[in-house]
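Asks: Below is a structure I'd like to ask you about.
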Amino acid sequence: MAFNNRTKINLLLESAKTDDQVTLMGWVRTKRSNKNVAFIALNDGSCIQNFQVVADPQNIPEEILKKVNTGACLKVNGKIVPSQGSGQSSELLADEIIVLGEADPEKFPIQPKRHTMEFLRENAHLRIRTNTFSAIFRVRHNLAFAVHQFFHNKGFFYIHSPIITASDAEGAGEMFRVTTLDPKNPPLTPEGKVDYSQDFFERETNLTVSGQLEGELAALALSDIYTFGPTFRAENSNTTRHLAEFWMIEPEMAFYDAEDNQNLAEEFLKYIISFALTNCGNDLEFLANRASEEEKTKKADQRSDMTLIEKLNFVVENKFIRITYTEALDILRQSTPNKKKKFTYPIEDWGMDLQSEHERYLVEKHFNKPVIITDYPKAIKSFYMKQNDDGKTVAAMDILFPGIGEIVGGSQREERLDKLEERMEELQISREEMWWYLDTRRFGTTPHSGFGLGFERMVQFVTGMANIRDVIPFPRTPGNAEF
Ligand code: 4AD
Ligand code: MG
């Protein structure tokens, strides 16, 4: 006989009728009891709400009720009855409780009280059982689903770009090596270097930092594609915005110029945020309350005057600001914090890279809206970006979000073979090794563009979580790969 004949709580809440006979399975959040009755809050992860189970000690043996503790897993058979208490309209009067898995109340770490985020990260294997984390991961799922729905509806194809690559798409050299060579005794070349031609792939390989280059190959065949996969960066930055393993969505479109690219990115970001607003109402409300509590602990001048839900609606309803890097630099140069020397990195000559303090000033203080910055100096951007006619800038775009900073990076691509080769030469990127990439420019090249959305930064924005480690189930950061 099959085991799973239960009703999920999210469905039960929509359809429960008095006298229905139902089976629930889930985990105990809390139990309140006296000698006449026990109230059990049961959660099965299908939604933020618990379902109240009422156990009468006359029906349910005492030795069973003793095992009903926070964290235990139960199967409950019973009848839906109108609730006497406030907080729910109906509850489940238990005929039978089967304890599927006990949880020793002395040892179970997740007690019904407020835990710090640090404590929960150390217990990442169990933190998913809290209201906060289950809400985050339901929202994360919905955002991922919305990504696929958006692109599918527009006729884009989902391409699985490789995880193991031999190239460094971003040219930043922050890669994790993939090898099966013996670290103690690797084969050496006559010059004394590690001889990777004897390695598994007969070359040096690493975990990908981006699926873009392969995405470009596919766009120049299927027109409109996107990738959505894990990417890896060995940058040693312990910030609230960086992970060593994160998920990126990278659409790539033939016949798109820089402006088409900006339009698509803006439409895409708004679409997935509104999808979450429509489909994750209860979870977002819970997370919004949580975020408001968090706001109260901040200094008055750092507090946001909008709730999380208002912030999300605001982004969906307002046009993003579009300015060039040169305009952004002028605004920053004239800004009060720059004049008062409040920036750690003062605004200097044209060509300097923008730091996150500058990005945050622009989005949070100056415009108070998402901002698309375009046309960056070519020296601070990747080799593949389309060179503008001014000889100094490239057709890049970064999208900055309030509270997050950079959420999207993208560009029109350099489709002219001679210009691309020239730039690779300058940056000492091997044209021989990248022959396959250059072939797209040799055979049937065309203007094309794309961008990358850091998925966790989007989940952070939508859930209002301050630290990126709290929006991915098992974060990978310097020193952390426990679970
Ligand atoms: O700006 P990036 O480096 O752009 C690319 O990788 C391009 N190949 C994208 C493209 O044009 N197809 O990264 C894109 C986005 C960033 O804007 C940021 O949101 C996110 O990826 N990101 C990270 N997220 C978490 N942890 C990190 N270490 C990240 N590095 C980048
Ligand atoms: Mg970037």
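Identifiers for the structure tokens are assigned positionally: chains receive A, B, ... in sequence, residues are indexed from 1 per chain, and ligands are indexed from 1 in the order shown.
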Give the residues close to ligand 2, within 8 Å, counting only C-alpha atoms and all ligand atoms; write them as a PyMOL selection string.
Replies: chain A and resi 398+406+408-410
Asks: I need the chosen residues saved as a compact mmCIF listing (two decimals), in the first residue's frame, with all heavy atoms.
Replies:
# COMPACT_ATOMS: atom_id res chain seq x y z
N ASP A 398 25.61 47.99 -16.53
CA ASP A 398 25.43 47.40 -15.21
C ASP A 398 24.09 47.89 -14.71
O ASP A 398 23.77 49.07 -14.87
CB ASP A 398 26.52 47.87 -14.23
CG ASP A 398 27.79 47.01 -14.33
OD1 ASP A 398 27.87 46.16 -15.24
OD2 ASP A 398 28.69 47.22 -13.49
N GLU A 406 25.18 46.25 -7.70
CA GLU A 406 25.12 45.61 -9.02
C GLU A 406 24.34 44.30 -8.96
O GLU A 406 24.70 43.40 -8.21
CB GLU A 406 26.53 45.35 -9.55
CG GLU A 406 26.51 44.71 -10.92
CD GLU A 406 27.86 44.16 -11.37
OE1 GLU A 406 28.91 44.64 -10.88
OE2 GLU A 406 27.86 43.24 -12.21
N VAL A 408 22.92 43.14 -12.24
CA VAL A 408 23.09 42.65 -13.61
C VAL A 408 24.33 43.27 -14.22
O VAL A 408 24.61 44.46 -14.00
CB VAL A 408 21.85 43.03 -14.48
CG1 VAL A 408 22.17 42.95 -15.97
CG2 VAL A 408 20.65 42.15 -14.15
N GLY A 409 25.08 42.46 -14.98
CA GLY A 409 26.16 42.99 -15.80
C GLY A 409 25.98 42.44 -17.21
O GLY A 409 25.65 41.27 -17.37
N GLY A 410 26.16 43.29 -18.21
CA GLY A 410 25.98 42.79 -19.58
C GLY A 410 26.54 43.76 -20.59
O GLY A 410 27.17 44.76 -20.23
Asks: Per residue of chain A within 6 Å of ligand 1, what are the shortest atom pair and its distance in Å to one decimal, counting only C-alpha atoms and all ligand atoms, with rows by chain and residue number, as a tab-separated table?
Replies:
residue	atom	partner	partner_atom_place_in_ligand_line	distance
A:Ser210	CA	ligand 1	6 (O)	4.9
A:Gln212	CA	ligand 1	12 (N)	4.6
A:Arg233	CA	ligand 1	28 (N)	5.7
A:Arg241	CA	ligand 1	25 (C)	5.8
A:His242	CA	ligand 1	26 (N)	3.5
A:Leu243	CA	ligand 1	26 (N)	3.9
A:Ala244	CA	ligand 1	28 (N)	5.5
A:Phe246	CA	ligand 1	25 (C)	5.4
A:Met248	CA	ligand 1	21 (O)	5.9
A:Glu250	CA	ligand 1	12 (N)	4.7
A:Glu406	CA	ligand 1	17 (O)	5.1
A:Ile407	CA	ligand 1	19 (O)	3.7
A:Val408	CA	ligand 1	17 (O)	3.6
A:Gly409	CA	ligand 1	1 (O)	3.9
A:Gly410	CA	ligand 1	11 (O)	3.6
A:Ser411	CA	ligand 1	11 (O)	5.8
A:Gly450	CA	ligand 1	11 (O)	5.1
A:Phe451	CA	ligand 1	11 (O)	3.5
A:Gly452	CA	ligand 1	9 (C)	3.6
A:Leu453	CA	ligand 1	15 (C)	4.8
A:Gly454	CA	ligand 1	19 (O)	3.4
A:Arg457	CA	ligand 1	19 (O)	5.8
Asks: Could you pull the residues within 9 Å of Lys378 of chain A, counting only C-alpha atoms, minus those fewer than 5 positions along the same chain, as a ChimeraX atom specification?
Replies: /A:351,383,385,387-388,391-396
Asks: Okay, now the selection with all heavy atoms, as a PDB file, in the first residue's frame?
Replies:
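As a result, result_28.pdb now contains:
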ATOM      1  N   GLY A 351      37.714  57.079 -15.771  1.00  0.00           N
ATOM      2  CA  GLY A 351      38.402  55.811 -16.016  1.00  0.00           C
ATOM      3  C   GLY A 351      38.445  54.956 -14.765  1.00  0.00           C
ATOM      4  O   GLY A 351      38.645  53.748 -14.839  1.00  0.00           O
ATOM      5  N   PHE A 383      36.913  41.727 -22.346  1.00  0.00           N
ATOM      6  CA  PHE A 383      37.415  41.817 -23.723  1.00  0.00           C
ATOM      7  C   PHE A 383      36.349  41.718 -24.803  1.00  0.00           C
ATOM      8  O   PHE A 383      36.510  42.224 -25.901  1.00  0.00           O
ATOM      9  CB  PHE A 383      38.453  40.703 -23.970  1.00  0.00           C
ATOM     10  CG  PHE A 383      37.843  39.327 -24.161  1.00  0.00           C
ATOM     11  CD1 PHE A 383      37.582  38.834 -25.435  1.00  0.00           C
ATOM     12  CD2 PHE A 383      37.522  38.528 -23.074  1.00  0.00           C
ATOM     13  CE1 PHE A 383      37.006  37.569 -25.621  1.00  0.00           C
ATOM     14  CE2 PHE A 383      36.954  37.272 -23.253  1.00  0.00           C
ATOM     15  CZ  PHE A 383      36.692  36.798 -24.524  1.00  0.00           C
ATOM     16  N   MET A 385      33.360  42.974 -25.010  1.00  0.00           N
ATOM     17  CA  MET A 385      32.345  44.021 -25.138  1.00  0.00           C
ATOM     18  C   MET A 385      32.566  44.884 -26.383  1.00  0.00           C
ATOM     19  O   MET A 385      33.701  45.176 -26.757  1.00  0.00           O
ATOM     20  CB  MET A 385      32.336  44.891 -23.887  1.00  0.00           C
ATOM     21  CG  MET A 385      31.878  44.109 -22.663  1.00  0.00           C
ATOM     22  SD  MET A 385      31.593  45.152 -21.264  1.00  0.00           S
ATOM     23  CE  MET A 385      31.038  43.924 -20.063  1.00  0.00           C
ATOM     24  N   GLN A 387      33.182  47.730 -28.785  1.00  0.00           N
ATOM     25  CA  GLN A 387      33.896  48.992 -28.634  1.00  0.00           C
ATOM     26  C   GLN A 387      33.111  50.118 -29.301  1.00  0.00           C
ATOM     27  O   GLN A 387      32.702  50.021 -30.449  1.00  0.00           O
ATOM     28  CB  GLN A 387      35.293  48.858 -29.247  1.00  0.00           C
ATOM     29  CG  GLN A 387      36.162  47.851 -28.476  1.00  0.00           C
ATOM     30  CD  GLN A 387      37.327  47.328 -29.288  1.00  0.00           C
ATOM     31  OE1 GLN A 387      38.069  48.102 -29.879  1.00  0.00           O
ATOM     32  NE2 GLN A 387      37.478  46.016 -29.342  1.00  0.00           N
ATOM     33  N   ASN A 388      32.892  51.170 -28.535  1.00  0.00           N
ATOM     34  CA  ASN A 388      32.175  52.330 -29.078  1.00  0.00           C
ATOM     35  C   ASN A 388      33.092  53.141 -29.993  1.00  0.00           C
ATOM     36  O   ASN A 388      34.320  53.014 -29.934  1.00  0.00           O
ATOM     37  CB  ASN A 388      31.653  53.207 -27.936  1.00  0.00           C
ATOM     38  CG  ASN A 388      30.514  52.525 -27.181  1.00  0.00           C
ATOM     39  OD1 ASN A 388      29.764  51.728 -27.746  1.00  0.00           O
ATOM     40  ND2 ASN A 388      30.394  52.838 -25.891  1.00  0.00           N
ATOM     41  N   GLY A 391      36.401  55.246 -29.123  1.00  0.00           N
ATOM     42  CA  GLY A 391      37.700  54.630 -28.867  1.00  0.00           C
ATOM     43  C   GLY A 391      38.037  54.466 -27.391  1.00  0.00           C
ATOM     44  O   GLY A 391      39.084  53.908 -27.042  1.00  0.00           O
ATOM     45  N   LYS A 392      37.170  54.940 -26.512  1.00  0.00           N
ATOM     46  CA  LYS A 392      37.469  54.876 -25.075  1.00  0.00           C
ATOM     47  C   LYS A 392      36.514  53.969 -24.304  1.00  0.00           C
ATOM     48  O   LYS A 392      36.873  53.400 -23.283  1.00  0.00           O
ATOM     49  CB  LYS A 392      37.326  56.272 -24.425  1.00  0.00           C
ATOM     50  CG  LYS A 392      38.225  57.341 -24.983  1.00  0.00           C
ATOM     51  CD  LYS A 392      38.206  58.583 -24.085  1.00  0.00           C
ATOM     52  CE  LYS A 392      36.808  59.122 -23.887  1.00  0.00           C
ATOM     53  NZ  LYS A 392      36.752  60.455 -23.247  1.00  0.00           N
ATOM     54  N   THR A 393      35.256  53.912 -24.781  1.00  0.00           N
ATOM     55  CA  THR A 393      34.241  53.211 -23.990  1.00  0.00           C
ATOM     56  C   THR A 393      33.732  51.982 -24.735  1.00  0.00           C
ATOM     57  O   THR A 393      33.969  51.814 -25.925  1.00  0.00           O
ATOM     58  CB  THR A 393      33.035  54.137 -23.695  1.00  0.00           C
ATOM     59  OG1 THR A 393      32.457  54.549 -24.938  1.00  0.00           O
ATOM     60  CG2 THR A 393      33.459  55.346 -22.889  1.00  0.00           C
ATOM     61  N   VAL A 394      33.036  51.119 -23.968  1.00  0.00           N
ATOM     62  CA  VAL A 394      32.402  49.931 -24.553  1.00  0.00           C
ATOM     63  C   VAL A 394      30.907  49.954 -24.234  1.00  0.00           C
ATOM     64  O   VAL A 394      30.470  50.619 -23.289  1.00  0.00           O
ATOM     65  CB  VAL A 394      33.028  48.619 -24.004  1.00  0.00           C
ATOM     66  CG1 VAL A 394      34.395  48.381 -24.613  1.00  0.00           C
ATOM     67  CG2 VAL A 394      33.098  48.623 -22.477  1.00  0.00           C
ATOM     68  N   ALA A 395      30.133  49.199 -25.040  1.00  0.00           N
ATOM     69  CA  ALA A 395      28.665  49.199 -24.912  1.00  0.00           C
ATOM     70  C   ALA A 395      28.222  48.280 -23.775  1.00  0.00           C
ATOM     71  O   ALA A 395      27.442  47.353 -23.952  1.00  0.00           O
ATOM     72  CB  ALA A 395      28.025  48.783 -26.229  1.00  0.00           C
ATOM     73  N   ALA A 396      28.753  48.560 -22.586  1.00  0.00           N
ATOM     74  CA  ALA A 396      28.455  47.765 -21.391  1.00  0.00           C
ATOM     75  C   ALA A 396      27.224  48.317 -20.698  1.00  0.00           C
ATOM     76  O   ALA A 396      26.859  49.470 -20.898  1.00  0.00           O
ATOM     77  CB  ALA A 396      29.636  47.837 -20.436  1.00  0.00           C
TER      78      ALA A 396
END
Asks: Tell me which protein, DNA and RNA residues are within 7 Å of Phe176 of chain A, counting only C-alpha atoms, leaving out same-chain ones fewer than 4 positions away, and put them as a PyMOL selection string.
Replies: chain A and resi 206-207+234
Asks: Could you take the residues named above and write them with N, CA, C and O atoms, as a tab-separated table (two decimals), in the first residue's frame?
Replies:
chain	number	residue	atom	x	y	z
A	206	ASN	N	38.89	24.47	-15.43
A	206	ASN	CA	38.41	25.11	-14.21
A	206	ASN	C	36.88	25.07	-14.19
A	206	ASN	O	36.24	24.74	-15.20
A	207	LEU	N	36.31	25.42	-13.04
A	207	LEU	CA	34.85	25.57	-12.96
A	207	LEU	C	34.48	26.89	-13.62
A	207	LEU	O	35.17	27.89	-13.41
A	234	ALA	N	36.49	32.25	-7.42
A	234	ALA	CA	37.39	32.06	-6.29
A	234	ALA	C	37.90	33.40	-5.78
A	234	ALA	O	39.05	33.52	-5.39
Asks: Using DSSP on the backbone, list every residue of segment 187-331 of chain A that comes out as strand (DSSP E), and give them as a VMD selection string.
Replies: chain A and resid 205 to 207 224 to 232 245 to 254 321 to 324
Asks: Got time to write the residues from that selection, N, CA and C atoms, as a JSON list (two decimals), in the first residue's frame?
Replies:
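Printed below is part-v5.json as written:
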[["chain", "number", "residue", "atom", "x", "y", "z"],
["A", 205, "THR", "N", 41.89, 22.95, -16.80],
["A", 205, "THR", "CA", 40.45, 23.24, -16.77],
["A", 205, "THR", "C", 40.06, 23.80, -15.42],
["A", 206, "ASN", "N", 38.89, 24.47, -15.43],
["A", 206, "ASN", "CA", 38.41, 25.11, -14.21],
["A", 206, "ASN", "C", 36.88, 25.07, -14.19],
["A", 207, "LEU", "N", 36.31, 25.42, -13.04],
["A", 207, "LEU", "CA", 34.85, 25.57, -12.96],
["A", 207, "LEU", "C", 34.48, 26.89, -13.62],
["A", 224, "ASP", "N", 17.65, 33.41, -29.87],
["A", 224, "ASP", "CA", 17.46, 33.88, -28.49],
["A", 224, "ASP", "C", 17.59, 32.70, -27.54],
["A", 225, "ILE", "N", 18.57, 32.78, -26.65],
["A", 225, "ILE", "CA", 18.77, 31.68, -25.70],
["A", 225, "ILE", "C", 19.01, 32.25, -24.31],
["A", 226, "TYR", "N", 18.95, 31.39, -23.30],
["A", 226, "TYR", "CA", 19.40, 31.79, -21.97],
["A", 226, "TYR", "C", 20.02, 30.58, -21.29],
["A", 227, "THR", "N", 20.95, 30.85, -20.40],
["A", 227, "THR", "CA", 21.49, 29.80, -19.56],
["A", 227, "THR", "C", 21.02, 30.10, -18.13],
["A", 228, "PHE", "N", 20.98, 29.11, -17.30],
["A", 228, "PHE", "CA", 20.63, 29.32, -15.88],
["A", 228, "PHE", "C", 21.32, 28.19, -15.14],
["A", 229, "GLY", "N", 22.49, 28.49, -14.61],
["A", 229, "GLY", "CA", 23.25, 27.43, -13.98],
["A", 229, "GLY", "C", 24.19, 27.97, -12.93],
["A", 230, "PRO", "N", 24.87, 27.04, -12.24],
["A", 230, "PRO", "CA", 25.82, 27.47, -11.22],
["A", 230, "PRO", "C", 27.08, 28.03, -11.86],
["A", 231, "THR", "N", 27.65, 29.05, -11.24],
["A", 231, "THR", "CA", 28.92, 29.64, -11.68],
["A", 231, "THR", "C", 29.79, 29.79, -10.43],
["A", 232, "PHE", "N", 31.08, 29.86, -10.65],
["A", 232, "PHE", "CA", 32.02, 29.74, -9.53],
["A", 232, "PHE", "C", 33.07, 30.82, -9.60],
["A", 245, "GLU", "N", 30.08, 30.10, -5.01],
["A", 245, "GLU", "CA", 29.22, 29.34, -5.93],
["A", 245, "GLU", "C", 27.88, 30.05, -5.96],
["A", 246, "PHE", "N", 27.51, 30.57, -7.11],
["A", 246, "PHE", "CA", 26.22, 31.24, -7.22],
["A", 246, "PHE", "C", 25.58, 30.88, -8.55],
["A", 247, "TRP", "N", 24.31, 31.19, -8.68],
["A", 247, "TRP", "CA", 23.57, 30.84, -9.89],
["A", 247, "TRP", "C", 23.39, 32.09, -10.74],
["A", 248, "MET", "N", 23.60, 31.93, -12.03],
["A", 248, "MET", "CA", 23.48, 33.08, -12.91],
["A", 248, "MET", "C", 22.56, 32.75, -14.07],
["A", 249, "ILE", "N", 21.77, 33.75, -14.45],
["A", 249, "ILE", "CA", 20.90, 33.64, -15.62],
["A", 249, "ILE", "C", 21.52, 34.51, -16.70],
["A", 250, "GLU", "N", 21.84, 33.92, -17.84],
["A", 250, "GLU", "CA", 22.51, 34.68, -18.89],
["A", 250, "GLU", "C", 21.79, 34.54, -20.24],
["A", 251, "PRO", "N", 20.89, 35.49, -20.54],
["A", 251, "PRO", "CA", 20.30, 35.49, -21.87],
["A", 251, "PRO", "C", 21.28, 36.04, -22.88],
["A", 252, "GLU", "N", 21.19, 35.56, -24.10],
["A", 252, "GLU", "CA", 22.06, 36.05, -25.17],
["A", 252, "GLU", "C", 21.21, 36.10, -26.45],
["A", 253, "MET", "N", 21.21, 37.25, -27.11],
["A", 253, "MET", "CA", 20.29, 37.44, -28.22],
["A", 253, "MET", "C", 21.00, 37.93, -29.47],
["A", 254, "ALA", "N", 20.80, 37.22, -30.58],
["A", 254, "ALA", "CA", 21.26, 37.73, -31.86],
["A", 254, "ALA", "C", 20.35, 38.88, -32.27],
["A", 321, "ILE", "N", 16.27, 54.34, -14.28],
["A", 321, "ILE", "CA", 17.08, 55.46, -14.78],
["A", 321, "ILE", "C", 18.17, 54.90, -15.69],
["A", 322, "ARG", "N", 18.45, 55.58, -16.79],
["A", 322, "ARG", "CA", 19.55, 55.14, -17.66],
["A", 322, "ARG", "C", 20.54, 56.28, -17.83],
["A", 323, "ILE", "N", 21.77, 56.07, -17.39],
["A", 323, "ILE", "CA", 22.80, 57.10, -17.55],
["A", 323, "ILE", "C", 24.11, 56.44, -17.98],
["A", 324, "THR", "N", 24.99, 57.24, -18.56],
["A", 324, "THR", "CA", 26.29, 56.70, -18.94],
["A", 324, "THR", "C", 27.23, 56.76, -17.73]]
Asks: With only C-alpha atoms as the basis for distance, which of A:Gln149, A:Gln334, A:Ser15, A:Thr116 is at the shortest distance from Ser89 of chain A?
Replies: A:Ser15
Asks: Hey, could you make a per-residue contact list for segment 198-227 of chain A against segment 426-441 of chain A with 12 Å as the cut-off, showing the nearest pair of atoms and its distance in Å to one decimal, counting only C-alpha atoms, sorted by chain and number, as a Markdown table?
Replies:
| residue | atom | partner | partner_atom | distance |
| --- | --- | --- | --- | --- |
| A:Arg203 | CA | A:Glu433 | CA | 10.8 |
| A:Glu204 | CA | A:Glu433 | CA | 11.4 |
| A:Gln212 | CA | A:Tyr437 | CA | 10.7 |
| A:Leu213 | CA | A:Tyr437 | CA | 7.0 |
| A:Glu214 | CA | A:Tyr437 | CA | 8.0 |
| A:Gly215 | CA | A:Tyr437 | CA | 10.4 |
| A:Glu216 | CA | A:Thr440 | CA | 8.3 |
| A:Leu217 | CA | A:Thr440 | CA | 6.7 |
| A:Ala218 | CA | A:Thr440 | CA | 9.8 |
| A:Ala219 | CA | A:Thr440 | CA | 10.1 |
| A:Leu220 | CA | A:Thr440 | CA | 7.3 |
| A:Ala221 | CA | A:Thr440 | CA | 9.7 |
Asks: Write the residues of the selection above to a file with all heavy atoms, as a PDB file, in the first residue's frame.
Replies:
ATOM      1  N   ARG A 203      44.382  19.255 -20.669  1.00  0.00           N
ATOM      2  CA  ARG A 203      44.598  20.709 -20.664  1.00  0.00           C
ATOM      3  C   ARG A 203      44.216  21.221 -19.284  1.00  0.00           C
ATOM      4  O   ARG A 203      43.617  20.492 -18.494  1.00  0.00           O
ATOM      5  CB  ARG A 203      43.751  21.384 -21.733  1.00  0.00           C
ATOM      6  CG  ARG A 203      42.238  21.218 -21.480  1.00  0.00           C
ATOM      7  CD  ARG A 203      41.397  21.919 -22.513  1.00  0.00           C
ATOM      8  NE  ARG A 203      41.537  21.306 -23.823  1.00  0.00           N
ATOM      9  CZ  ARG A 203      41.889  21.983 -24.930  1.00  0.00           C
ATOM     10  NH1 ARG A 203      42.109  23.268 -24.867  1.00  0.00           N
ATOM     11  NH2 ARG A 203      41.991  21.357 -26.079  1.00  0.00           N
ATOM     12  N   GLU A 204      44.518  22.488 -19.032  1.00  0.00           N
ATOM     13  CA  GLU A 204      44.087  23.089 -17.766  1.00  0.00           C
ATOM     14  C   GLU A 204      42.602  23.362 -17.822  1.00  0.00           C
ATOM     15  O   GLU A 204      42.121  23.962 -18.784  1.00  0.00           O
ATOM     16  CB  GLU A 204      44.808  24.427 -17.570  1.00  0.00           C
ATOM     17  CG  GLU A 204      46.024  24.321 -16.692  1.00  0.00           C
ATOM     18  CD  GLU A 204      46.516  25.707 -16.269  1.00  0.00           C
ATOM     19  OE1 GLU A 204      47.335  26.270 -17.026  1.00  0.00           O
ATOM     20  OE2 GLU A 204      46.093  26.191 -15.213  1.00  0.00           O
ATOM     21  N   GLN A 212      28.491  32.560 -20.587  1.00  0.00           N
ATOM     22  CA  GLN A 212      28.248  33.482 -21.705  1.00  0.00           C
ATOM     23  C   GLN A 212      28.878  33.066 -23.032  1.00  0.00           C
ATOM     24  O   GLN A 212      28.228  33.131 -24.077  1.00  0.00           O
ATOM     25  CB  GLN A 212      28.750  34.880 -21.331  1.00  0.00           C
ATOM     26  CG  GLN A 212      28.596  35.872 -22.473  1.00  0.00           C
ATOM     27  CD  GLN A 212      29.381  37.138 -22.236  1.00  0.00           C
ATOM     28  OE1 GLN A 212      29.485  37.589 -21.099  1.00  0.00           O
ATOM     29  NE2 GLN A 212      29.944  37.708 -23.284  1.00  0.00           N
ATOM     30  N   LEU A 213      30.147  32.684 -22.996  1.00  0.00           N
ATOM     31  CA  LEU A 213      30.824  32.445 -24.275  1.00  0.00           C
ATOM     32  C   LEU A 213      30.142  31.320 -25.047  1.00  0.00           C
ATOM     33  O   LEU A 213      29.913  31.432 -26.252  1.00  0.00           O
ATOM     34  CB  LEU A 213      32.311  32.151 -24.051  1.00  0.00           C
ATOM     35  CG  LEU A 213      33.100  33.250 -23.321  1.00  0.00           C
ATOM     36  CD1 LEU A 213      34.593  32.941 -23.360  1.00  0.00           C
ATOM     37  CD2 LEU A 213      32.829  34.642 -23.882  1.00  0.00           C
ATOM     38  N   GLU A 214      29.769  30.261 -24.331  1.00  0.00           N
ATOM     39  CA  GLU A 214      29.031  29.171 -24.986  1.00  0.00           C
ATOM     40  C   GLU A 214      27.627  29.644 -25.357  1.00  0.00           C
ATOM     41  O   GLU A 214      27.073  29.238 -26.382  1.00  0.00           O
ATOM     42  CB  GLU A 214      28.959  27.950 -24.065  1.00  0.00           C
ATOM     43  CG  GLU A 214      30.291  27.229 -23.867  1.00  0.00           C
ATOM     44  CD  GLU A 214      31.150  27.804 -22.739  1.00  0.00           C
ATOM     45  OE1 GLU A 214      30.733  28.810 -22.107  1.00  0.00           O
ATOM     46  OE2 GLU A 214      32.227  27.238 -22.480  1.00  0.00           O
ATOM     47  N   GLY A 215      27.066  30.514 -24.513  1.00  0.00           N
ATOM     48  CA  GLY A 215      25.747  31.090 -24.818  1.00  0.00           C
ATOM     49  C   GLY A 215      25.765  31.853 -26.136  1.00  0.00           C
ATOM     50  O   GLY A 215      24.828  31.782 -26.933  1.00  0.00           O
ATOM     51  N   GLU A 216      26.849  32.578 -26.380  1.00  0.00           N
ATOM     52  CA  GLU A 216      26.967  33.317 -27.645  1.00  0.00           C
ATOM     53  C   GLU A 216      26.942  32.367 -28.838  1.00  0.00           C
ATOM     54  O   GLU A 216      26.337  32.663 -29.873  1.00  0.00           O
ATOM     55  CB  GLU A 216      28.255  34.143 -27.666  1.00  0.00           C
ATOM     56  CG  GLU A 216      28.179  35.398 -26.814  1.00  0.00           C
ATOM     57  CD  GLU A 216      29.411  36.288 -26.990  1.00  0.00           C
ATOM     58  OE1 GLU A 216      29.751  36.627 -28.140  1.00  0.00           O
ATOM     59  OE2 GLU A 216      30.034  36.619 -25.963  1.00  0.00           O
ATOM     60  N   LEU A 217      27.627  31.229 -28.694  1.00  0.00           N
ATOM     61  CA  LEU A 217      27.647  30.268 -29.802  1.00  0.00           C
ATOM     62  C   LEU A 217      26.219  29.825 -30.126  1.00  0.00           C
ATOM     63  O   LEU A 217      25.835  29.721 -31.289  1.00  0.00           O
ATOM     64  CB  LEU A 217      28.493  29.035 -29.436  1.00  0.00           C
ATOM     65  CG  LEU A 217      29.891  29.266 -28.837  1.00  0.00           C
ATOM     66  CD1 LEU A 217      30.577  27.940 -28.585  1.00  0.00           C
ATOM     67  CD2 LEU A 217      30.728  30.160 -29.737  1.00  0.00           C
ATOM     68  N   ALA A 218      25.442  29.597 -29.066  1.00  0.00           N
ATOM     69  CA  ALA A 218      24.068  29.111 -29.270  1.00  0.00           C
ATOM     70  C   ALA A 218      23.161  30.209 -29.822  1.00  0.00           C
ATOM     71  O   ALA A 218      22.299  29.948 -30.660  1.00  0.00           O
ATOM     72  CB  ALA A 218      23.522  28.572 -27.949  1.00  0.00           C
ATOM     73  N   ALA A 219      23.366  31.448 -29.374  1.00  0.00           N
ATOM     74  CA  ALA A 219      22.521  32.550 -29.867  1.00  0.00           C
ATOM     75  C   ALA A 219      22.738  32.772 -31.355  1.00  0.00           C
ATOM     76  O   ALA A 219      21.820  33.169 -32.075  1.00  0.00           O
ATOM     77  CB  ALA A 219      22.823  33.835 -29.098  1.00  0.00           C
ATOM     78  N   LEU A 220      23.955  32.485 -31.822  1.00  0.00           N
ATOM     79  CA  LEU A 220      24.236  32.678 -33.241  1.00  0.00           C
ATOM     80  C   LEU A 220      23.763  31.479 -34.063  1.00  0.00           C
ATOM     81  O   LEU A 220      24.240  31.230 -35.165  1.00  0.00           O
ATOM     82  CB  LEU A 220      25.715  32.976 -33.461  1.00  0.00           C
ATOM     83  CG  LEU A 220      26.129  34.350 -32.883  1.00  0.00           C
ATOM     84  CD1 LEU A 220      27.592  34.635 -33.120  1.00  0.00           C
ATOM     85  CD2 LEU A 220      25.286  35.484 -33.438  1.00  0.00           C
ATOM     86  N   ALA A 221      22.852  30.721 -33.487  1.00  0.00           N
ATOM     87  CA  ALA A 221      22.212  29.620 -34.202  1.00  0.00           C
ATOM     88  C   ALA A 221      20.718  29.603 -33.913  1.00  0.00           C
ATOM     89  O   ALA A 221      19.902  29.421 -34.792  1.00  0.00           O
ATOM     90  CB  ALA A 221      22.820  28.287 -33.775  1.00  0.00           C
TER      91      ALA A 221
END
